[in-house]
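Everything below belongs to my_file-v3.csv, which stores CSV, C-alpha atoms.
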```csv
chain,number,residue,atom,x,y,z
A,1,GLY,CA,14.0,-28.2,3.8
A,2,ASP,CA,15.8,-25.7,1.6
A,3,SER,CA,16.9,-22.4,3.1
A,4,VAL,CA,18.9,-19.3,2.2
A,5,THR,CA,20.7,-17.2,4.7
A,6,GLN,CA,22.0,-13.7,3.8
A,7,MET,CA,24.2,-11.4,5.8
A,8,GLU,CA,22.3,-9.0,7.9
A,9,GLY,CA,21.8,-5.5,6.7
A,10,PRO,CA,21.5,-2.7,6.2
A,11,VAL,CA,24.8,-2.1,4.4
A,12,THR,CA,25.9,1.5,3.8
A,13,LEU,CA,28.9,2.2,1.6
A,14,SER,CA,30.5,5.2,-0.1
A,15,GLU,CA,30.6,5.4,-3.8
A,16,GLU,CA,33.4,3.3,-5.4
A,17,ALA,CA,33.7,1.1,-2.4
A,18,PHE,CA,33.9,-2.7,-2.7
A,19,LEU,CA,30.7,-4.6,-2.0
A,20,THR,CA,30.3,-8.1,-0.6
A,21,ILE,CA,26.9,-9.6,0.4
A,22,ASN,CA,27.3,-13.0,1.9
A,23,CYS,CA,24.8,-15.8,1.0
A,24,THR,CA,24.8,-19.4,2.1
A,25,TYR,CA,22.3,-22.1,1.4
A,26,THR,CA,21.0,-25.4,2.5
A,27,ALA,CA,19.6,-27.7,-0.1
A,28,THR,CA,19.0,-31.4,-0.6
A,29,GLY,CA,20.0,-31.6,-4.2
A,30,TYR,CA,21.8,-29.4,-6.7
A,31,PRO,CA,20.0,-26.1,-6.8
A,32,SER,CA,20.2,-23.2,-9.2
A,33,LEU,CA,21.2,-20.0,-7.4
A,34,PHE,CA,20.1,-16.5,-8.1
A,35,TRP,CA,20.6,-12.9,-7.0
A,36,TYR,CA,17.6,-10.6,-7.5
A,37,VAL,CA,17.5,-6.8,-7.0
A,38,GLN,CA,14.5,-4.8,-5.9
A,39,TYR,CA,14.3,-1.1,-6.2
A,40,PRO,CA,11.8,0.8,-4.1
A,41,GLY,CA,8.2,0.1,-4.9
A,42,GLU,CA,9.1,-2.3,-7.7
A,43,GLY,CA,9.1,-6.0,-8.3
A,44,LEU,CA,12.3,-8.1,-8.5
A,45,GLN,CA,14.8,-8.1,-11.3
A,46,LEU,CA,17.1,-10.9,-12.0
A,47,LEU,CA,20.7,-9.7,-11.4
A,48,LEU,CA,22.6,-12.9,-12.1
A,49,LYS,CA,22.4,-16.7,-11.8
A,50,ALA,CA,24.4,-19.9,-11.7
A,51,THR,CA,23.1,-23.3,-12.3
A,52,LYS,CA,26.0,-25.6,-11.3
A,53,ALA,CA,29.0,-25.7,-9.0
A,54,ASP,CA,31.9,-23.4,-9.9
A,55,ASP,CA,29.7,-21.4,-12.3
A,56,LYS,CA,30.2,-17.6,-12.1
A,57,GLY,CA,27.2,-15.4,-12.7
A,58,SER,CA,28.0,-11.8,-13.7
A,59,ASN,CA,26.0,-8.8,-14.7
A,60,LYS,CA,26.5,-5.0,-14.5
A,61,GLY,CA,29.7,-5.4,-12.6
A,62,PHE,CA,28.3,-7.8,-10.0
A,63,GLU,CA,29.6,-11.3,-9.7
A,64,ALA,CA,28.8,-14.4,-7.7
A,65,THR,CA,30.4,-17.8,-7.8
A,66,TYR,CA,28.5,-21.0,-7.0
A,67,ARG,CA,30.7,-22.7,-4.3
A,68,LYS,CA,29.4,-26.2,-3.5
A,69,GLU,CA,32.1,-26.9,-1.0
A,70,THR,CA,31.1,-24.0,1.2
A,71,THR,CA,27.4,-23.9,0.0
A,72,SER,CA,27.8,-20.2,-0.7
A,73,PHE,CA,27.0,-17.7,-3.5
A,74,HIS,CA,28.4,-14.4,-2.3
A,75,LEU,CA,27.6,-11.3,-4.3
A,76,GLU,CA,30.5,-8.9,-5.0
A,77,LYS,CA,31.1,-5.7,-6.9
A,78,GLY,CA,34.4,-3.9,-7.1
A,79,SER,CA,33.1,-0.3,-7.2
A,80,VAL,CA,29.5,0.5,-6.2
A,81,GLN,CA,27.5,3.4,-7.5
A,82,VAL,CA,24.7,5.4,-5.9
A,83,SER,CA,22.3,3.8,-8.4
A,84,ASP,CA,23.1,0.4,-6.9
A,85,SER,CA,21.2,1.3,-3.8
A,86,ALA,CA,18.4,-1.3,-3.5
A,87,VAL,CA,17.5,-4.5,-1.7
A,88,TYR,CA,19.3,-7.6,-2.8
A,89,PHE,CA,17.9,-11.1,-2.5
A,90,CYS,CA,19.7,-14.4,-2.8
A,91,ALA,CA,17.5,-17.3,-3.8
A,92,LEU,CA,17.6,-20.9,-4.9
A,93,SER,CA,15.4,-23.3,-6.8
A,94,GLU,CA,15.6,-27.1,-7.0
A,95,GLY,CA,14.1,-29.6,-9.3
A,96,THR,CA,12.4,-29.1,-12.6
A,97,SER,CA,10.7,-26.1,-14.2
A,98,GLY,CA,8.0,-24.8,-12.0
A,99,SER,CA,9.8,-25.4,-8.8
A,100,ARG,CA,9.5,-22.7,-6.2
A,101,LEU,CA,12.1,-20.1,-5.3
A,102,THR,CA,13.4,-20.0,-1.8
A,103,PHE,CA,14.5,-16.5,-0.8
A,104,GLY,CA,16.9,-15.1,1.7
A,105,GLU,CA,15.9,-12.3,4.0
A,106,GLY,CA,17.2,-9.6,1.7
A,107,THR,CA,19.9,-7.0,2.3
A,108,GLN,CA,19.3,-3.3,2.0
A,109,LEU,CA,22.3,-1.6,0.3
A,110,THR,CA,22.6,2.2,0.5
A,111,VAL,CA,25.4,3.9,-1.5
A,112,ASN,CA,26.3,7.4,-0.5
A,113,PRO,CA,27.9,9.9,-2.9
B,1,GLY,CA,11.9,-11.2,-23.5
B,2,ALA,CA,10.0,-13.0,-20.7
B,3,VAL,CA,8.0,-10.0,-19.4
B,4,VAL,CA,5.3,-10.3,-16.9
B,5,SER,CA,2.9,-7.4,-16.7
B,6,GLN,CA,1.1,-6.9,-13.3
B,7,HIS,CA,-1.9,-4.6,-12.8
B,8,PRO,CA,-2.8,-2.5,-11.0
B,9,SER,CA,0.4,-1.2,-9.5
B,10,ARG,CA,-1.5,0.5,-6.7
B,11,VAL,CA,-5.0,0.1,-5.4
B,12,ILE,CA,-6.9,1.5,-2.4
B,13,CYS,CA,-10.1,-0.3,-1.4
B,14,LYS,CA,-12.6,-0.2,1.4
B,15,SER,CA,-12.9,-2.9,4.0
B,16,GLY,CA,-15.2,-5.7,2.9
B,17,THR,CA,-14.7,-5.2,-0.8
B,18,SER,CA,-12.8,-7.5,-3.2
B,19,VAL,CA,-9.8,-6.6,-5.3
B,20,LYS,CA,-8.5,-8.5,-8.3
B,21,ILE,CA,-4.8,-8.4,-9.3
B,22,GLU,CA,-3.8,-9.6,-12.8
B,23,CYS,CA,-0.5,-10.9,-14.1
B,24,ARG,CA,0.0,-11.5,-17.8
B,25,SER,CA,2.9,-13.1,-19.5
B,26,LEU,CA,3.5,-10.9,-22.6
B,27,ASP,CA,5.8,-12.9,-24.7
B,28,PHE,CA,5.9,-16.4,-23.4
B,29,GLN,CA,3.6,-19.0,-22.0
B,30,ALA,CA,3.6,-19.3,-18.2
B,31,THR,CA,2.6,-22.7,-17.2
B,32,THR,CA,3.4,-22.0,-13.6
B,33,MET,CA,2.8,-18.7,-11.7
B,34,PHE,CA,3.8,-17.9,-8.2
B,35,TRP,CA,2.1,-15.3,-5.9
B,36,TYR,CA,4.1,-13.7,-3.2
B,37,ARG,CA,3.3,-11.2,-0.4
B,38,GLN,CA,5.9,-8.9,0.9
B,39,PHE,CA,5.7,-6.9,4.2
B,40,PRO,CA,7.8,-3.7,4.6
B,41,LYS,CA,11.5,-4.4,4.9
B,42,GLN,CA,10.9,-8.1,4.7
B,43,SER,CA,11.5,-10.9,2.3
B,44,LEU,CA,8.9,-12.4,-0.1
B,45,MET,CA,6.5,-14.9,1.4
B,46,LEU,CA,5.2,-17.5,-1.1
B,47,MET,CA,1.4,-17.6,-0.9
B,48,ALA,CA,0.5,-20.1,-3.6
B,49,THR,CA,1.6,-21.7,-6.8
B,50,SER,CA,-0.7,-21.9,-9.7
B,51,ASN,CA,-0.6,-24.1,-12.8
B,52,GLU,CA,-2.6,-23.4,-15.9
B,53,GLY,CA,-5.9,-25.2,-15.9
B,54,SER,CA,-5.6,-26.7,-12.4
B,55,LYS,CA,-6.3,-25.5,-8.8
B,56,ALA,CA,-3.6,-23.5,-7.1
B,57,THR,CA,-1.5,-25.0,-4.3
B,58,TYR,CA,-1.5,-22.8,-1.3
B,59,GLU,CA,1.2,-22.6,1.3
B,60,GLN,CA,0.4,-23.5,4.9
B,61,GLY,CA,-1.4,-20.7,6.7
B,62,VAL,CA,-2.7,-19.0,3.6
B,63,GLU,CA,-6.5,-18.8,3.4
B,64,LYS,CA,-7.7,-20.3,0.2
B,65,ASP,CA,-11.1,-18.7,0.4
B,66,LYS,CA,-9.7,-15.3,1.0
B,67,PHE,CA,-7.0,-15.3,-1.7
B,68,LEU,CA,-8.6,-16.7,-4.8
B,69,ILE,CA,-6.1,-17.6,-7.5
B,70,ASN,CA,-7.2,-18.4,-11.1
B,71,HIS,CA,-4.8,-19.5,-13.9
B,72,ALA,CA,-7.3,-20.1,-16.7
B,73,SER,CA,-4.9,-19.5,-19.5
B,74,LEU,CA,-1.2,-19.8,-20.3
B,75,THR,CA,-0.8,-16.0,-20.3
B,76,LEU,CA,-3.0,-14.9,-17.4
B,77,SER,CA,-3.2,-15.5,-13.7
B,78,THR,CA,-5.3,-13.6,-11.2
B,79,LEU,CA,-5.3,-13.1,-7.5
B,80,THR,CA,-8.5,-11.9,-5.9
B,81,VAL,CA,-8.4,-10.7,-2.3
B,82,THR,CA,-11.9,-11.2,-1.1
B,83,SER,CA,-13.6,-9.3,1.7
B,84,ALA,CA,-10.4,-7.3,2.2
B,85,HIS,CA,-9.4,-6.0,5.7
B,86,PRO,CA,-6.7,-3.6,6.7
B,87,GLU,CA,-4.4,-6.4,7.7
B,88,ASP,CA,-4.4,-7.6,4.0
B,89,SER,CA,-2.7,-4.3,3.1
B,90,SER,CA,0.6,-5.4,1.6
B,91,PHE,CA,2.8,-5.6,-1.5
B,92,TYR,CA,1.8,-8.5,-3.7
B,93,ILE,CA,4.1,-9.8,-6.5
B,94,CYS,CA,3.6,-12.5,-9.1
B,95,SER,CA,6.3,-14.5,-10.8
B,96,ALA,CA,6.4,-16.9,-13.6
B,97,SER,CA,8.9,-19.7,-14.1
B,98,ILE,CA,10.4,-19.9,-17.6
B,99,MET,CA,12.4,-23.1,-17.8
B,100,ARG,CA,14.5,-25.1,-15.5
B,101,GLY,CA,17.6,-23.2,-14.3
B,102,PHE,CA,16.8,-20.3,-16.6
B,103,GLY,CA,15.1,-18.2,-14.0
B,104,TYR,CA,12.0,-16.6,-13.0
B,105,THR,CA,10.5,-13.3,-14.1
B,106,PHE,CA,8.6,-11.1,-11.8
B,107,GLY,CA,5.8,-8.6,-12.1
B,108,SER,CA,6.3,-5.1,-10.9
B,109,GLY,CA,4.1,-5.6,-7.9
B,110,THR,CA,0.8,-4.3,-6.5
B,111,ARG,CA,0.6,-2.1,-3.5
B,112,LEU,CA,-2.8,-2.9,-1.8
B,113,THR,CA,-4.1,-0.6,0.9
B,114,VAL,CA,-7.3,-1.4,2.6
B,115,VAL,CA,-9.0,1.4,4.5
```
Could you spell out this file's structure in structure tokens?
Amino acid sequence: GDSVTQMEGPVTLSEEAFLTINCTYTATGYPSLFWYVQYPGEGLQLLLKATKADDKGSNKGFEATYRKETTSFHLEKGSVQVSDSAVYFCALSEGTSGSRLTFGEGTQLTVNP
Amino acid sequence: GAVVSQHPSRVICKSGTSVKIECRSLDFQATTMFWYRQFPKQSLMLMATSNEGSKATYEQGVEKDKFLINHASLTLSTLTVTSAHPEDSSFYICSASIMRGFGYTFGSGTRLTVV
């Protein structure tokens, strides 16, 4: 079945540091890939997405490129801020509208001033 | 656009009582809703998938009679936790799919505490 594996957390960085959160996936078809962010006590917000190989999703300074050859979708940001502290989830969905999302374990990011 | 409103955000109930959680799609029609449960510091666990006008499909290990899901209209899905016990205390989140590849929108979650 489908699965998503994220790098283990928690991750602690200083403000303006470079961020990478690794994500790899296993899927039978050609999934769409997503990064979601969850702030404490809240639901999930879509951060970015990519629907086909070599697509790059980007939003709020975050980027991730859909790499079919390495089955990866690593999240990067060049300069993190304290406000980026949250839990980040990598996810995939296959098939048509209404297909379920498969989530990674989540990575807690803490950015210190 | 594509907002899902989830209520209540927090609820405390006594053991043995039932609690209903509502999710409404405010500006679109949600043919499919997903219900998740999240334990502290863990990922989301899919409980069930509901399609408007039909019975929900539950994941293995989820008790259908305990977690009642109703999706009677294209804008409303409800999760009722029946005869709640302390072990049902958790964070419950709903989500709606919008269209293929476009993404999913999530409610803000409900923190359920059973005392």
Point out the residue among A:Ala86, A:Ala64, A:Leu46, A:Ala53 with the least atom-to-atom distance to chain B, counting all atoms listed in the file.
A:Leu46
Hey, list the chain A side of the contact with chain B: 12 Å cut-off, all atoms listed in the file, answer as a compact mmCIF listing (two decimals) with C-alpha atoms, in the coordinates of the input.
```
# COMPACT_ATOMS: atom_id res chain seq x y z
CA VAL A 4 18.90 -19.30 2.20
CA THR A 5 20.70 -17.20 4.70
CA GLN A 6 22.00 -13.70 3.80
CA GLU A 8 22.30 -9.00 7.90
CA GLY A 9 21.80 -5.50 6.70
CA PRO A 10 21.50 -2.70 6.20
CA TYR A 30 21.80 -29.40 -6.70
CA PRO A 31 20.00 -26.10 -6.80
CA SER A 32 20.20 -23.20 -9.20
CA LEU A 33 21.20 -20.00 -7.40
CA PHE A 34 20.10 -16.50 -8.10
CA TRP A 35 20.60 -12.90 -7.00
CA TYR A 36 17.60 -10.60 -7.50
CA VAL A 37 17.50 -6.80 -7.00
CA GLN A 38 14.50 -4.80 -5.90
CA TYR A 39 14.30 -1.10 -6.20
CA PRO A 40 11.80 0.80 -4.10
CA GLY A 41 8.20 0.10 -4.90
CA GLU A 42 9.10 -2.30 -7.70
CA GLY A 43 9.10 -6.00 -8.30
CA LEU A 44 12.30 -8.10 -8.50
CA GLN A 45 14.80 -8.10 -11.30
CA LEU A 46 17.10 -10.90 -12.00
CA LEU A 47 20.70 -9.70 -11.40
CA LEU A 48 22.60 -12.90 -12.10
CA LYS A 49 22.40 -16.70 -11.80
CA ALA A 50 24.40 -19.90 -11.70
CA THR A 51 23.10 -23.30 -12.30
CA LYS A 52 26.00 -25.60 -11.30
CA ALA A 86 18.40 -1.30 -3.50
CA VAL A 87 17.50 -4.50 -1.70
CA TYR A 88 19.30 -7.60 -2.80
CA PHE A 89 17.90 -11.10 -2.50
CA CYS A 90 19.70 -14.40 -2.80
CA ALA A 91 17.50 -17.30 -3.80
CA LEU A 92 17.60 -20.90 -4.90
CA SER A 93 15.40 -23.30 -6.80
CA GLU A 94 15.60 -27.10 -7.00
CA GLY A 95 14.10 -29.60 -9.30
CA THR A 96 12.40 -29.10 -12.60
CA SER A 97 10.70 -26.10 -14.20
CA GLY A 98 8.00 -24.80 -12.00
CA SER A 99 9.80 -25.40 -8.80
CA ARG A 100 9.50 -22.70 -6.20
CA LEU A 101 12.10 -20.10 -5.30
CA THR A 102 13.40 -20.00 -1.80
CA PHE A 103 14.50 -16.50 -0.80
CA GLY A 104 16.90 -15.10 1.70
CA GLU A 105 15.90 -12.30 4.00
CA GLY A 106 17.20 -9.60 1.70
CA THR A 107 19.90 -7.00 2.30
CA GLN A 108 19.30 -3.30 2.00
```
note - CA of Gln38 (chain B) and CA of Arg24 (chain B) are separated by 19.8 Å
Name the residues within 10 Å of (30.4, 1.3, -2.6), counting all atoms listed in the file in the file's coordinates, and put them as a PyMOL selection string.
chain A and resi 11-20+77-82+84-85+109-113
Would you mind exporting C-alpha atoms of the selected residues as a CSV table (one decimal), in the coordinates of the input?
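Result saved to result_8.csv:
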```csv
chain,number,residue,atom,x,y,z
A,11,VAL,CA,24.8,-2.1,4.4
A,12,THR,CA,25.9,1.5,3.8
A,13,LEU,CA,28.9,2.2,1.6
A,14,SER,CA,30.5,5.2,-0.1
A,15,GLU,CA,30.6,5.4,-3.8
A,16,GLU,CA,33.4,3.3,-5.4
A,17,ALA,CA,33.7,1.1,-2.4
A,18,PHE,CA,33.9,-2.7,-2.7
A,19,LEU,CA,30.7,-4.6,-2.0
A,20,THR,CA,30.3,-8.1,-0.6
A,77,LYS,CA,31.1,-5.7,-6.9
A,78,GLY,CA,34.4,-3.9,-7.1
A,79,SER,CA,33.1,-0.3,-7.2
A,80,VAL,CA,29.5,0.5,-6.2
A,81,GLN,CA,27.5,3.4,-7.5
A,82,VAL,CA,24.7,5.4,-5.9
A,84,ASP,CA,23.1,0.4,-6.9
A,85,SER,CA,21.2,1.3,-3.8
A,109,LEU,CA,22.3,-1.6,0.3
A,110,THR,CA,22.6,2.2,0.5
A,111,VAL,CA,25.4,3.9,-1.5
A,112,ASN,CA,26.3,7.4,-0.5
A,113,PRO,CA,27.9,9.9,-2.9
```
Polymer residues at most 8 Å from His74 (chain A), only C-alpha atoms, same-chain spacing of 4 or more positions, as number ranges by chain
A: 20-24, 64-65
Students should find that CA of His71 (chain B) and CA of Val19 (chain B) are spaced 16.3 Å
Set the distance at 10 Å and use all atoms listed in the file: which residues neighbour His85 (chain B) once local chain neighbours fewer than 3 positions away are removed? I'd like the list as a list in words.
Cys13, Lys14, Ser15, Gly16, Thr17, Ser18, Val81, Thr82, Asp88, Ser89, Thr113, Val114 and Val115 of chain B
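Residues lying within 12 Å of (-7.4, -17.5, 4.8). Counted over only C-alpha atoms, they are B:Met47, B:Ala48, B:Tyr58, B:Glu59, B:Gln60, B:Gly61, B:Val62, B:Glu63, B:Lys64, B:Asp65, B:Lys66, B:Phe67, B:Leu68, B:Val81, B:Thr82, B:Ser83, B:Ala84, B:His85, B:Glu87, B:Asp88.
Going from CA of Trp35 (chain B) over to CA of Leu79 (chain B), you cover 7.9 Å.
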Which residues, written as a VMD selection string, have at least one atom at most 8 Å from Lys68 (chain A), with only C-alpha atoms counted and residues fewer than 3 positions away on the same chain left out?
chain A and resid 53 to 54 71 to 72
Name the residues in contact with Ser25 (chain B) at a cut-off of 9 Å, using only C-alpha atoms, excluding same-chain residues fewer than 2 positions from it; report them as an MDAnalysis selection string.
chainID B and resid 2:6 23 27:30 74:77 96
Save out the residues we just selected, C-alpha atoms, as a short mmCIF file (atom, residue, chain, number, x, y, z; two decimals), in the frame of the given file.
```cif
data_model
loop_
_atom_site.label_atom_id
_atom_site.label_comp_id
_atom_site.auth_asym_id
_atom_site.auth_seq_id
_atom_site.Cartn_x
_atom_site.Cartn_y
_atom_site.Cartn_z
CA ALA B 2 10.00 -13.00 -20.70
CA VAL B 3 8.00 -10.00 -19.40
CA VAL B 4 5.30 -10.30 -16.90
CA SER B 5 2.90 -7.40 -16.70
CA GLN B 6 1.10 -6.90 -13.30
CA CYS B 23 -0.50 -10.90 -14.10
CA ASP B 27 5.80 -12.90 -24.70
CA PHE B 28 5.90 -16.40 -23.40
CA GLN B 29 3.60 -19.00 -22.00
CA ALA B 30 3.60 -19.30 -18.20
CA LEU B 74 -1.20 -19.80 -20.30
CA THR B 75 -0.80 -16.00 -20.30
CA LEU B 76 -3.00 -14.90 -17.40
CA SER B 77 -3.20 -15.50 -13.70
CA ALA B 96 6.40 -16.90 -13.60
#
```
Could you complete region 12-23 of chain B so that it carries all heavy atoms, and give it back as a PDB file, keeping the file's coordinate frame?
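result.pdb was written with the following content:
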```pdb
ATOM      1  N   ILE B  12      -6.365   1.173  -3.733  1.00  0.00           N
ATOM      2  CA  ILE B  12      -6.900   1.500  -2.400  1.00  0.00           C
ATOM      3  C   ILE B  12      -8.356   1.006  -2.411  1.00  0.00           C
ATOM      4  O   ILE B  12      -9.111   1.389  -3.324  1.00  0.00           O
ATOM      5  CB  ILE B  12      -6.803   2.948  -2.062  1.00  0.00           C
ATOM      6  CG1 ILE B  12      -5.345   3.401  -2.097  1.00  0.00           C
ATOM      7  CG2 ILE B  12      -7.418   3.222  -0.687  1.00  0.00           C
ATOM      8  CD1 ILE B  12      -5.171   4.907  -1.921  1.00  0.00           C
ATOM      9  N   CYS B  13      -8.744   0.199  -1.443  1.00  0.00           N
ATOM     10  CA  CYS B  13     -10.100  -0.300  -1.400  1.00  0.00           C
ATOM     11  C   CYS B  13     -10.665  -0.173   0.005  1.00  0.00           C
ATOM     12  O   CYS B  13      -9.903  -0.065   0.980  1.00  0.00           O
ATOM     13  CB  CYS B  13     -10.234  -1.688  -1.937  1.00  0.00           C
ATOM     14  SG  CYS B  13      -9.522  -2.929  -0.855  1.00  0.00           S
ATOM     15  N   LYS B  14     -11.964  -0.231   0.112  1.00  0.00           N
ATOM     16  CA  LYS B  14     -12.600  -0.200   1.400  1.00  0.00           C
ATOM     17  C   LYS B  14     -12.704  -1.573   2.015  1.00  0.00           C
ATOM     18  O   LYS B  14     -12.782  -2.577   1.289  1.00  0.00           O
ATOM     19  CB  LYS B  14     -14.008   0.428   1.291  1.00  0.00           C
ATOM     20  CG  LYS B  14     -14.011   1.898   0.899  1.00  0.00           C
ATOM     21  CD  LYS B  14     -15.433   2.444   0.892  1.00  0.00           C
ATOM     22  CE  LYS B  14     -15.439   3.933   0.553  1.00  0.00           C
ATOM     23  NZ  LYS B  14     -16.813   4.490   0.550  1.00  0.00           N
ATOM     24  N   SER B  15     -12.715  -1.628   3.318  1.00  0.00           N
ATOM     25  CA  SER B  15     -12.900  -2.900   4.000  1.00  0.00           C
ATOM     26  C   SER B  15     -14.130  -3.608   3.553  1.00  0.00           C
ATOM     27  O   SER B  15     -15.177  -2.974   3.399  1.00  0.00           O
ATOM     28  CB  SER B  15     -12.925  -2.690   5.521  1.00  0.00           C
ATOM     29  OG  SER B  15     -11.691  -2.326   6.033  1.00  0.00           O
ATOM     30  N   GLY B  16     -14.021  -4.898   3.325  1.00  0.00           N
ATOM     31  CA  GLY B  16     -15.200  -5.700   2.900  1.00  0.00           C
ATOM     32  C   GLY B  16     -15.334  -5.860   1.434  1.00  0.00           C
ATOM     33  O   GLY B  16     -16.097  -6.716   0.978  1.00  0.00           O
ATOM     34  N   THR B  17     -14.594  -5.083   0.668  1.00  0.00           N
ATOM     35  CA  THR B  17     -14.700  -5.200  -0.800  1.00  0.00           C
ATOM     36  C   THR B  17     -13.618  -6.201  -1.277  1.00  0.00           C
ATOM     37  O   THR B  17     -12.734  -6.617  -0.531  1.00  0.00           O
ATOM     38  CB  THR B  17     -14.490  -3.864  -1.483  1.00  0.00           C
ATOM     39  OG1 THR B  17     -13.193  -3.346  -1.167  1.00  0.00           O
ATOM     40  CG2 THR B  17     -15.556  -2.873  -1.032  1.00  0.00           C
ATOM     41  N   SER B  18     -13.724  -6.557  -2.550  1.00  0.00           N
ATOM     42  CA  SER B  18     -12.800  -7.500  -3.200  1.00  0.00           C
ATOM     43  C   SER B  18     -11.916  -6.777  -4.187  1.00  0.00           C
ATOM     44  O   SER B  18     -12.373  -5.832  -4.832  1.00  0.00           O
ATOM     45  CB  SER B  18     -13.513  -8.660  -3.811  1.00  0.00           C
ATOM     46  OG  SER B  18     -14.199  -9.415  -2.840  1.00  0.00           O
ATOM     47  N   VAL B  19     -10.713  -7.232  -4.324  1.00  0.00           N
ATOM     48  CA  VAL B  19      -9.800  -6.600  -5.300  1.00  0.00           C
ATOM     49  C   VAL B  19      -9.137  -7.726  -6.103  1.00  0.00           C
ATOM     50  O   VAL B  19      -8.715  -8.753  -5.580  1.00  0.00           O
ATOM     51  CB  VAL B  19      -8.654  -5.869  -4.506  1.00  0.00           C
ATOM     52  CG1 VAL B  19      -7.585  -5.385  -5.479  1.00  0.00           C
ATOM     53  CG2 VAL B  19      -9.241  -4.714  -3.732  1.00  0.00           C
ATOM     54  N   LYS B  20      -9.072  -7.490  -7.413  1.00  0.00           N
ATOM     55  CA  LYS B  20      -8.500  -8.500  -8.300  1.00  0.00           C
ATOM     56  C   LYS B  20      -7.138  -7.907  -8.851  1.00  0.00           C
ATOM     57  O   LYS B  20      -7.080  -6.764  -9.323  1.00  0.00           O
ATOM     58  CB  LYS B  20      -9.376  -8.797  -9.478  1.00  0.00           C
ATOM     59  CG  LYS B  20      -8.758  -9.806 -10.466  1.00  0.00           C
ATOM     60  CD  LYS B  20      -9.645 -10.073 -11.655  1.00  0.00           C
ATOM     61  CE  LYS B  20     -10.804 -10.952 -11.310  1.00  0.00           C
ATOM     62  NZ  LYS B  20     -11.564 -11.371 -12.511  1.00  0.00           N
ATOM     63  N   ILE B  21      -6.117  -8.730  -8.791  1.00  0.00           N
ATOM     64  CA  ILE B  21      -4.800  -8.400  -9.300  1.00  0.00           C
ATOM     65  C   ILE B  21      -4.497  -9.327 -10.478  1.00  0.00           C
ATOM     66  O   ILE B  21      -4.670 -10.535 -10.348  1.00  0.00           O
ATOM     67  CB  ILE B  21      -3.706  -8.504  -8.235  1.00  0.00           C
ATOM     68  CG1 ILE B  21      -4.030  -7.599  -7.051  1.00  0.00           C
ATOM     69  CG2 ILE B  21      -2.335  -8.167  -8.807  1.00  0.00           C
ATOM     70  CD1 ILE B  21      -3.160  -7.848  -5.824  1.00  0.00           C
ATOM     71  N   GLU B  22      -4.049  -8.753 -11.588  1.00  0.00           N
ATOM     72  CA  GLU B  22      -3.800  -9.600 -12.800  1.00  0.00           C
ATOM     73  C   GLU B  22      -2.307  -9.626 -13.114  1.00  0.00           C
ATOM     74  O   GLU B  22      -1.592  -8.631 -12.965  1.00  0.00           O
ATOM     75  CB  GLU B  22      -4.508  -8.973 -14.001  1.00  0.00           C
ATOM     76  CG  GLU B  22      -6.005  -9.089 -13.980  1.00  0.00           C
ATOM     77  CD  GLU B  22      -6.621  -8.675 -15.302  1.00  0.00           C
ATOM     78  OE1 GLU B  22      -5.893  -8.148 -16.159  1.00  0.00           O
ATOM     79  OE2 GLU B  22      -7.834  -8.900 -15.465  1.00  0.00           O
ATOM     80  N   CYS B  23      -1.887 -10.774 -13.554  1.00  0.00           N
ATOM     81  CA  CYS B  23      -0.500 -10.900 -14.100  1.00  0.00           C
ATOM     82  C   CYS B  23      -0.591 -11.593 -15.432  1.00  0.00           C
ATOM     83  O   CYS B  23      -1.174 -12.677 -15.555  1.00  0.00           O
ATOM     84  CB  CYS B  23       0.342 -11.731 -13.128  1.00  0.00           C
ATOM     85  SG  CYS B  23       1.126 -10.726 -11.871  1.00  0.00           S
TER      86      CYS B  23
END
```
